[in-house]
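Read through the structure below, which is laid out as structure tokens, and then see the notes.
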Amino acid sequence: MFGNDPEYLMSEEEFRLLRDLVYNHCGMYFASEAKYLLEKRLSRRLAFHNLVSYKDYYHLLKYDLRKDQELSDLMDVLTTNETYFFREAFQLKAFTDEIIPEIMEEKGKRGDRTLRIWSAGCSTGEEPYTIAMLLLEMRRLDGWRLEVIGTDISQRVLQHARKGVYSKSSFRATENYYLDRYFHEHDGNFKISDKVRELVTISQLNLFDHNRLALLGRMDIIFCRNVIIYFDQPAKKKVIETFYQALYPGRFLLLGHSESLMNVTTLFTLRHLKNDMVYQKPWPVEGGAL
Ligand SMILES: C[S@@+](CC[C@H](N)C(=O)[O-])C[C@H]1O[C@@H](n2cnc3c(N)ncnc32)[C@H](O)[C@@H]1O
């Protein structure tokens, strides 16, 4: 083997089989140009199982008794998990200053004092914990039942999220105020405080697993930032339709700043708020079906 070459070579047929298997499982699409990427990342799994070819690995994923566990481990090596606290500040300002007050007003009128927020593709937890800290800062939410649900497909990142211990790189956009108030030092790193963790539930969920998605229940706000960039158009469409079903009418979908629903679906309305542009599930037309 030379230089950085993977230790195993993937044939075109093996590439197609594995690419389709990965795509059907999680929506991540590896185009032909990205064959080397799939080859490189999967080579670690072949080495781990002492397999000699990608075909053998494909058979393990398809037919072996260990296939569910292996699919989960495979997700750990394929996903990109970059994240940090307080990412995309003006969207968060729209969340606290415009979206939450609007929902509170509407729900308050009906005597409903619950808020359910989903961080879909939460990686190591910085996003749901950021949401929880922002909610804790809003005194007007005192007395409301708040629920932040963080989900991801990768068990490895979820373990990190559950531990809640973070190093400096997670705090590149965090004001000291939040560090002082919601973290304590832990072996040279920082651990999130219990009052933040109490608002957050962390669980594994594949955005393409419809049976499990149905158990989540209805949401007021869905954050799905920097996740659908890895999907092709049909996969994006499927996931966005899932979010549409999960949201109450009139509620909000917050995507990453490089992501849009243009050419994906017209299900959502683009709302121009003072601080940011966000997607909103339309209210039902009067007299129309819900
Ligand atoms: C780049 S991180 C984004 C983290 C966070 N939302 C943010 O914007 O900072 C993308 C996350 O999406 C997750 N992901 C990718 N495909 C997924 C799927 N099919 N179901 C659930 N999570 C998925 C990855 O495991 C990864 O942790």
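We label chains A, B, ... in the order they appear in the structure tokens, count residues from 1 in each chain, and number ligands from 1 in the order shown.
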Can you list every residue of chain A that has an atom at most 6 Å from ligand 1, with its nearest atom pair and the distance in Å to one decimal, using only C-alpha atoms and all ligand atoms, ordered by chain then number, as CSV?
residue,atom,partner,partner_atom_place_in_ligand_line,distance
A:Cys26,CA,ligand 1,19 (N),3.9
A:Gly27,CA,ligand 1,19 (N),5.6
A:Thr79,CA,ligand 1,25 (O),4.7
A:Thr80,CA,ligand 1,1 (C),5.2
A:Asn81,CA,ligand 1,2 (S),4.0
A:Glu82,CA,ligand 1,1 (C),4.5
A:Thr83,CA,ligand 1,9 (O),3.6
A:Tyr84,CA,ligand 1,9 (O),5.7
A:Gly121,CA,ligand 1,12 (O),3.9
A:Cys122,CA,ligand 1,6 (N),4.6
A:Ser123,CA,ligand 1,27 (O),3.5
A:Glu127,CA,ligand 1,5 (C),5.8
A:Asp152,CA,ligand 1,22 (N),4.0
A:Ile153,CA,ligand 1,21 (C),4.0
A:Ser154,CA,ligand 1,25 (O),4.9
A:Leu205,CA,ligand 1,21 (C),5.6
A:Asn206,CA,ligand 1,20 (N),3.6
A:Leu207,CA,ligand 1,20 (N),3.9
A:Phe208,CA,ligand 1,19 (N),5.8
A:Cys224,CA,ligand 1,6 (N),5.7
A:Arg225,CA,ligand 1,8 (O),4.1
A:Asn226,CA,ligand 1,8 (O),4.6
A:Val227,CA,ligand 1,10 (C),4.4
Using the selection just defined, write its residues with N, CA, C and O atoms as a compact mmCIF listing (two decimals), in the first residue's frame.
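So selection.txt came out as:
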# COMPACT_ATOMS: atom_id res chain seq x y z
N CYS A 26 -30.18 6.01 5.48
CA CYS A 26 -30.12 7.31 6.19
C CYS A 26 -30.19 8.53 5.29
O CYS A 26 -30.09 9.65 5.78
N GLY A 27 -30.35 8.36 3.98
CA GLY A 27 -30.51 9.51 3.09
C GLY A 27 -29.21 10.13 2.63
O GLY A 27 -29.21 11.01 1.77
N THR A 79 -21.04 9.94 9.41
CA THR A 79 -21.66 11.25 9.61
C THR A 79 -20.61 12.33 9.92
O THR A 79 -19.55 12.04 10.47
N THR A 80 -20.97 13.55 9.57
CA THR A 80 -20.14 14.72 9.89
C THR A 80 -20.83 15.43 11.04
O THR A 80 -22.00 15.78 10.92
N ASN A 81 -20.13 15.62 12.14
CA ASN A 81 -20.82 16.02 13.37
C ASN A 81 -20.45 17.41 13.89
O ASN A 81 -20.71 17.74 15.03
N GLU A 82 -19.84 18.21 13.03
CA GLU A 82 -19.41 19.55 13.43
C GLU A 82 -20.57 20.35 14.05
O GLU A 82 -21.65 20.46 13.46
N THR A 83 -20.33 20.95 15.20
CA THR A 83 -21.35 21.79 15.85
C THR A 83 -20.71 22.62 16.95
O THR A 83 -19.57 22.34 17.34
N TYR A 84 -21.40 23.62 17.45
CA TYR A 84 -20.91 24.38 18.62
C TYR A 84 -22.08 25.15 19.24
O TYR A 84 -23.13 25.30 18.60
N GLY A 121 -30.99 16.03 14.44
CA GLY A 121 -29.59 16.02 13.99
C GLY A 121 -28.79 16.88 14.96
O GLY A 121 -28.12 17.83 14.58
N CYS A 122 -28.89 16.52 16.25
CA CYS A 122 -28.35 17.41 17.31
C CYS A 122 -26.87 17.18 17.56
O CYS A 122 -26.27 17.89 18.35
N SER A 123 -26.29 16.16 16.93
CA SER A 123 -24.87 15.85 17.12
C SER A 123 -24.54 15.73 18.61
O SER A 123 -25.30 15.12 19.36
N GLU A 127 -26.54 22.10 20.29
CA GLU A 127 -27.75 22.80 19.81
C GLU A 127 -28.92 22.69 20.81
O GLU A 127 -29.46 23.73 21.22
N ASP A 152 -30.38 12.19 17.09
CA ASP A 152 -29.36 12.02 16.05
C ASP A 152 -29.29 10.54 15.70
O ASP A 152 -29.74 9.69 16.48
N ILE A 153 -28.71 10.26 14.55
CA ILE A 153 -28.59 8.86 14.12
C ILE A 153 -27.35 8.19 14.73
O ILE A 153 -27.28 6.98 14.85
N SER A 154 -26.37 8.99 15.10
CA SER A 154 -25.09 8.43 15.56
C SER A 154 -25.06 8.25 17.08
O SER A 154 -25.19 9.21 17.83
N LEU A 205 -32.40 8.65 16.79
CA LEU A 205 -33.50 8.62 15.83
C LEU A 205 -32.95 8.86 14.43
O LEU A 205 -32.26 9.85 14.18
N ASN A 206 -33.27 7.93 13.55
CA ASN A 206 -32.95 8.10 12.14
C ASN A 206 -34.10 8.86 11.49
O ASN A 206 -35.26 8.44 11.61
N LEU A 207 -33.81 9.95 10.82
CA LEU A 207 -34.87 10.77 10.22
C LEU A 207 -35.65 10.03 9.13
O LEU A 207 -36.65 10.53 8.64
N PHE A 208 -35.19 8.84 8.76
CA PHE A 208 -35.92 8.04 7.76
C PHE A 208 -36.64 6.85 8.39
O PHE A 208 -37.16 6.01 7.69
N CYS A 224 -33.51 21.97 12.37
CA CYS A 224 -32.79 20.92 11.67
C CYS A 224 -31.72 21.63 10.84
O CYS A 224 -31.91 21.94 9.66
N ARG A 225 -30.62 21.91 11.52
CA ARG A 225 -29.62 22.78 10.90
C ARG A 225 -28.39 21.97 10.50
O ARG A 225 -27.87 21.17 11.27
N ASN A 226 -27.98 22.18 9.27
CA ASN A 226 -26.76 21.55 8.75
C ASN A 226 -26.85 20.02 8.75
O ASN A 226 -25.88 19.33 9.04
N VAL A 227 -28.01 19.53 8.43
CA VAL A 227 -28.23 18.08 8.33
C VAL A 227 -28.61 17.71 6.89
O VAL A 227 -28.01 16.82 6.29
Requested in this report: Using DSSP on the backbone coordinates, identify all residues within stretch 112-266 of chain A classified as strand (DSSP E or B); present the result as a ChimeraX atom specification.
Outcome: /A:114-120,145-152,165-166,183-186,189-192,200-204,219-224,231,247-255
Selected residues written out with N, CA and C atoms, as a CSV table (one decimal), in the first residue's frame:
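As written to disk, again.csv reads:
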chain,number,residue,atom,x,y,z
A,114,THR,N,-47.5,24.9,27.1
A,114,THR,CA,-46.5,23.9,26.8
A,114,THR,C,-45.7,24.3,25.5
A,115,LEU,N,-44.5,24.0,25.5
A,115,LEU,CA,-43.6,24.2,24.3
A,115,LEU,C,-42.8,23.0,24.1
A,116,ARG,N,-42.9,22.5,22.8
A,116,ARG,CA,-42.1,21.3,22.5
A,116,ARG,C,-41.2,21.7,21.3
A,117,ILE,N,-39.9,21.5,21.5
A,117,ILE,CA,-38.9,22.0,20.5
A,117,ILE,C,-38.0,20.8,20.2
A,118,TRP,N,-37.8,20.5,18.9
A,118,TRP,CA,-37.0,19.4,18.5
A,118,TRP,C,-35.7,19.8,17.8
A,119,SER,N,-34.6,19.3,18.3
A,119,SER,CA,-33.4,19.6,17.6
A,119,SER,C,-33.0,18.3,16.8
A,120,ALA,N,-33.3,18.3,15.5
A,120,ALA,CA,-33.2,17.0,14.7
A,120,ALA,C,-31.8,17.0,14.1
A,145,ARG,N,-44.5,24.4,30.6
A,145,ARG,CA,-43.9,23.1,30.5
A,145,ARG,C,-43.0,23.1,29.3
A,146,LEU,N,-41.7,23.0,29.5
A,146,LEU,CA,-40.8,23.1,28.3
A,146,LEU,C,-40.1,21.8,28.1
A,147,GLU,N,-40.1,21.4,26.8
A,147,GLU,CA,-39.4,20.2,26.4
A,147,GLU,C,-38.6,20.4,25.2
A,148,VAL,N,-37.3,20.0,25.3
A,148,VAL,CA,-36.4,20.1,24.2
A,148,VAL,C,-35.9,18.7,23.9
A,149,ILE,N,-36.1,18.3,22.7
A,149,ILE,CA,-35.8,16.9,22.3
A,149,ILE,C,-34.7,16.9,21.3
A,150,GLY,N,-33.5,16.3,21.7
A,150,GLY,CA,-32.4,16.2,20.8
A,150,GLY,C,-32.3,14.8,20.2
A,151,THR,N,-32.2,14.7,18.9
A,151,THR,CA,-32.1,13.4,18.3
A,151,THR,C,-31.0,13.4,17.3
A,152,ASP,N,-30.4,12.2,17.1
A,152,ASP,CA,-29.4,12.0,16.1
A,152,ASP,C,-29.3,10.5,15.7
A,165,VAL,N,-20.1,17.0,28.6
A,165,VAL,CA,-18.8,17.6,28.9
A,165,VAL,C,-18.2,18.1,27.6
A,166,TYR,N,-17.8,19.4,27.6
A,166,TYR,CA,-17.3,20.0,26.3
A,166,TYR,C,-16.0,20.7,26.5
A,183,PHE,N,-22.4,26.3,33.3
A,183,PHE,CA,-21.4,25.2,33.2
A,183,PHE,C,-20.5,25.2,34.4
A,184,HIS,N,-19.9,24.1,34.7
A,184,HIS,CA,-18.9,24.1,35.7
A,184,HIS,C,-17.7,23.3,35.2
A,185,GLU,N,-16.5,23.6,35.8
A,185,GLU,CA,-15.3,23.0,35.3
A,185,GLU,C,-15.3,21.5,35.6
A,186,HIS,N,-14.7,20.7,34.7
A,186,HIS,CA,-14.8,19.3,34.9
A,186,HIS,C,-13.5,18.7,34.2
A,189,ASN,N,-12.3,20.6,31.3
A,189,ASN,CA,-13.3,20.9,30.4
A,189,ASN,C,-14.5,21.5,31.1
A,190,PHE,N,-15.6,21.6,30.4
A,190,PHE,CA,-16.8,22.2,31.0
A,190,PHE,C,-18.0,21.3,30.9
A,191,LYS,N,-18.7,21.2,32.1
A,191,LYS,CA,-19.8,20.3,32.1
A,191,LYS,C,-21.1,21.2,32.2
A,192,ILE,N,-22.1,20.8,31.4
A,192,ILE,CA,-23.4,21.5,31.4
A,192,ILE,C,-24.1,21.3,32.8
A,200,VAL,N,-33.8,18.8,28.6
A,200,VAL,CA,-33.4,18.2,27.4
A,200,VAL,C,-33.5,16.7,27.4
A,201,THR,N,-34.1,16.0,26.4
A,201,THR,CA,-34.1,14.6,26.3
A,201,THR,C,-33.3,14.3,25.1
A,202,ILE,N,-32.4,13.3,25.2
A,202,ILE,CA,-31.5,12.9,24.1
A,202,ILE,C,-31.8,11.5,23.7
A,203,SER,N,-32.1,11.3,22.4
A,203,SER,CA,-32.3,9.9,22.0
A,203,SER,C,-32.0,9.7,20.5
A,204,GLN,N,-31.7,8.4,20.2
A,204,GLN,CA,-31.3,8.1,18.9
A,204,GLN,C,-32.5,8.0,17.9
A,219,MET,N,-44.8,19.0,17.4
A,219,MET,CA,-43.8,20.0,17.8
A,219,MET,C,-44.2,21.4,17.5
A,220,ASP,N,-43.7,22.4,18.3
A,220,ASP,CA,-43.9,23.8,18.0
A,220,ASP,C,-42.8,24.4,17.1
A,221,ILE,N,-41.6,23.9,17.4
A,221,ILE,CA,-40.4,24.4,16.6
A,221,ILE,C,-39.5,23.2,16.3
A,222,ILE,N,-39.1,23.1,15.0
A,222,ILE,CA,-38.1,22.1,14.7
A,222,ILE,C,-36.8,22.8,14.2
A,223,PHE,N,-35.7,22.6,14.9
A,223,PHE,CA,-34.4,23.0,14.4
A,223,PHE,C,-33.8,21.8,13.6
A,224,CYS,N,-33.5,22.0,12.4
A,224,CYS,CA,-32.8,20.9,11.7
A,224,CYS,C,-31.7,21.6,10.8
A,231,PHE,N,-28.1,15.3,2.1
A,231,PHE,CA,-29.1,14.5,1.4
A,231,PHE,C,-29.3,14.9,0.0
A,247,LEU,N,-45.1,19.1,12.8
A,247,LEU,CA,-45.4,20.4,13.3
A,247,LEU,C,-46.9,20.7,13.5
A,248,TYR,N,-47.2,21.5,14.5
A,248,TYR,CA,-48.6,22.0,14.6
A,248,TYR,C,-48.7,23.1,13.5
A,249,PRO,N,-49.9,23.3,13.0
A,249,PRO,CA,-50.1,24.4,12.0
A,249,PRO,C,-49.6,25.7,12.6
A,250,GLY,N,-49.1,26.6,11.7
A,250,GLY,CA,-48.6,27.9,12.1
A,250,GLY,C,-47.2,27.9,12.8
A,251,ARG,N,-46.6,26.7,12.9
A,251,ARG,CA,-45.3,26.6,13.6
A,251,ARG,C,-44.1,26.6,12.7
A,252,PHE,N,-42.9,26.5,13.3
A,252,PHE,CA,-41.7,26.9,12.6
A,252,PHE,C,-40.7,25.8,12.4
A,253,LEU,N,-40.0,25.9,11.2
A,253,LEU,CA,-38.9,25.0,10.9
A,253,LEU,C,-37.7,25.9,10.6
A,254,LEU,N,-36.6,25.6,11.4
A,254,LEU,CA,-35.4,26.4,11.3
A,254,LEU,C,-34.3,25.6,10.7
A,255,LEU,N,-33.9,25.9,9.5
A,255,LEU,CA,-32.8,25.2,8.8
A,255,LEU,C,-31.5,25.9,9.0
Report task. Just give me the gap between atom CA of A:Arg271 and atom CA of A:Gly125 in Å, one decimal is fine. Result ->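 Distance between the two atoms: 27.2 Å.
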Query raised in the report: Leaving out A:Lys238 and any residue of its chain fewer than 4 positions from it, which residues lie within 10 Å of it when counting only C-alpha atoms, given as number ranges by chain?
Result: A: 27, 207-208, 233-234, 242-244, 264-265
Report task. Select from stretch 85-265 of chain A everything DSSP, run on the backbone, classes as alpha helix (DSSP H), then give the selection as a PyMOL selection string. Result -> chain A and resi 89-94+100-109+126-136+155-163+176-182+194-197+210-213+233-246
Sorted by chain and rising residue number, which residues of stretch 72-181 of chain A lie within 12 Å of stretch 29-38 of chain A, and what are their closest atom pairs and distances in Å to one decimal, counting only C-alpha atoms, as a tab-separated table?
residue	atom	partner	partner_atom	distance
A:Leu74	CA	A:Leu38	CA	10.7
A:Met75	CA	A:Leu38	CA	11.7
A:Val77	CA	A:Leu38	CA	9.7
A:Leu78	CA	A:Leu38	CA	7.9
A:Thr79	CA	A:Leu38	CA	11.1
Go ahead and write the residues just picked, N, CA and C atoms, as a PDB file, in the first residue's frame.
ATOM      1  N   LEU A  74     -21.635   1.984  11.615  1.00  0.00           N
ATOM      2  CA  LEU A  74     -21.325   2.568  10.313  1.00  0.00           C
ATOM      3  C   LEU A  74     -21.718   4.051  10.296  1.00  0.00           C
ATOM      4  N   MET A  75     -22.859   4.375  10.896  1.00  0.00           N
ATOM      5  CA  MET A  75     -23.298   5.773  10.954  1.00  0.00           C
ATOM      6  C   MET A  75     -22.281   6.630  11.714  1.00  0.00           C
ATOM      7  N   VAL A  77     -19.108   6.345  11.653  1.00  0.00           N
ATOM      8  CA  VAL A  77     -17.950   6.724  10.828  1.00  0.00           C
ATOM      9  C   VAL A  77     -18.348   7.553   9.603  1.00  0.00           C
ATOM     10  N   LEU A  78     -19.620   7.524   9.221  1.00  0.00           N
ATOM     11  CA  LEU A  78     -20.010   8.248   8.000  1.00  0.00           C
ATOM     12  C   LEU A  78     -20.489   9.674   8.243  1.00  0.00           C
ATOM     13  N   THR A  79     -21.039   9.936   9.411  1.00  0.00           N
ATOM     14  CA  THR A  79     -21.656  11.253   9.611  1.00  0.00           C
ATOM     15  C   THR A  79     -20.614  12.328   9.925  1.00  0.00           C
TER      16      THR A  79
END
Query raised in the report: Hey, can you check how far atom CA of A:Arg197 sits from atom CA of A:Ser170?
Result: 16.6 Å
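You will find atom CA of A:Val278 at 26.9 Å from atom CA of A:Leu158.
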Requested in this report: Have a look at A:Ile240, A:Leu9, A:Leu135, A:Leu141 and name the one nearest to A:Ser53; count only C-alpha atoms.
Outcome: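 Ranking A:Ile240, A:Leu9, A:Leu135, A:Leu141 by distance to A:Ser53, first place goes to A:Leu9.
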**Report entry** For A:Ser193: contacts at 10 Å, only C-alpha atoms, fewer than 5 positions along chain excluded, given as number ranges by chain
**Finding:** A: 129, 133, 164-165, 179, 181-184, 198
Requested in this report: Could you tell me which of A:Phe171, A:Trp283, A:Phe95, A:Tyr230 comes closest to A:Ser258 if we count only C-alpha atoms?
Outcome: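 Ranked by minimum distance to A:Ser258, first place goes to A:Tyr230.
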Query raised in the report: Of the residues A:Met28, A:Ile131, A:Leu18, A:Ala235, which is the one nearest to A:Arg87, using only C-alpha atoms?
Result: A:Ile131
Query raised in the report: What's the 10 Å shell around A:Leu46, counting only C-alpha atoms, without same-chain residues fewer than 3 positions away, as number ranges by chain?
Result: A: 7-8, 41-43, 49-54, 56-58
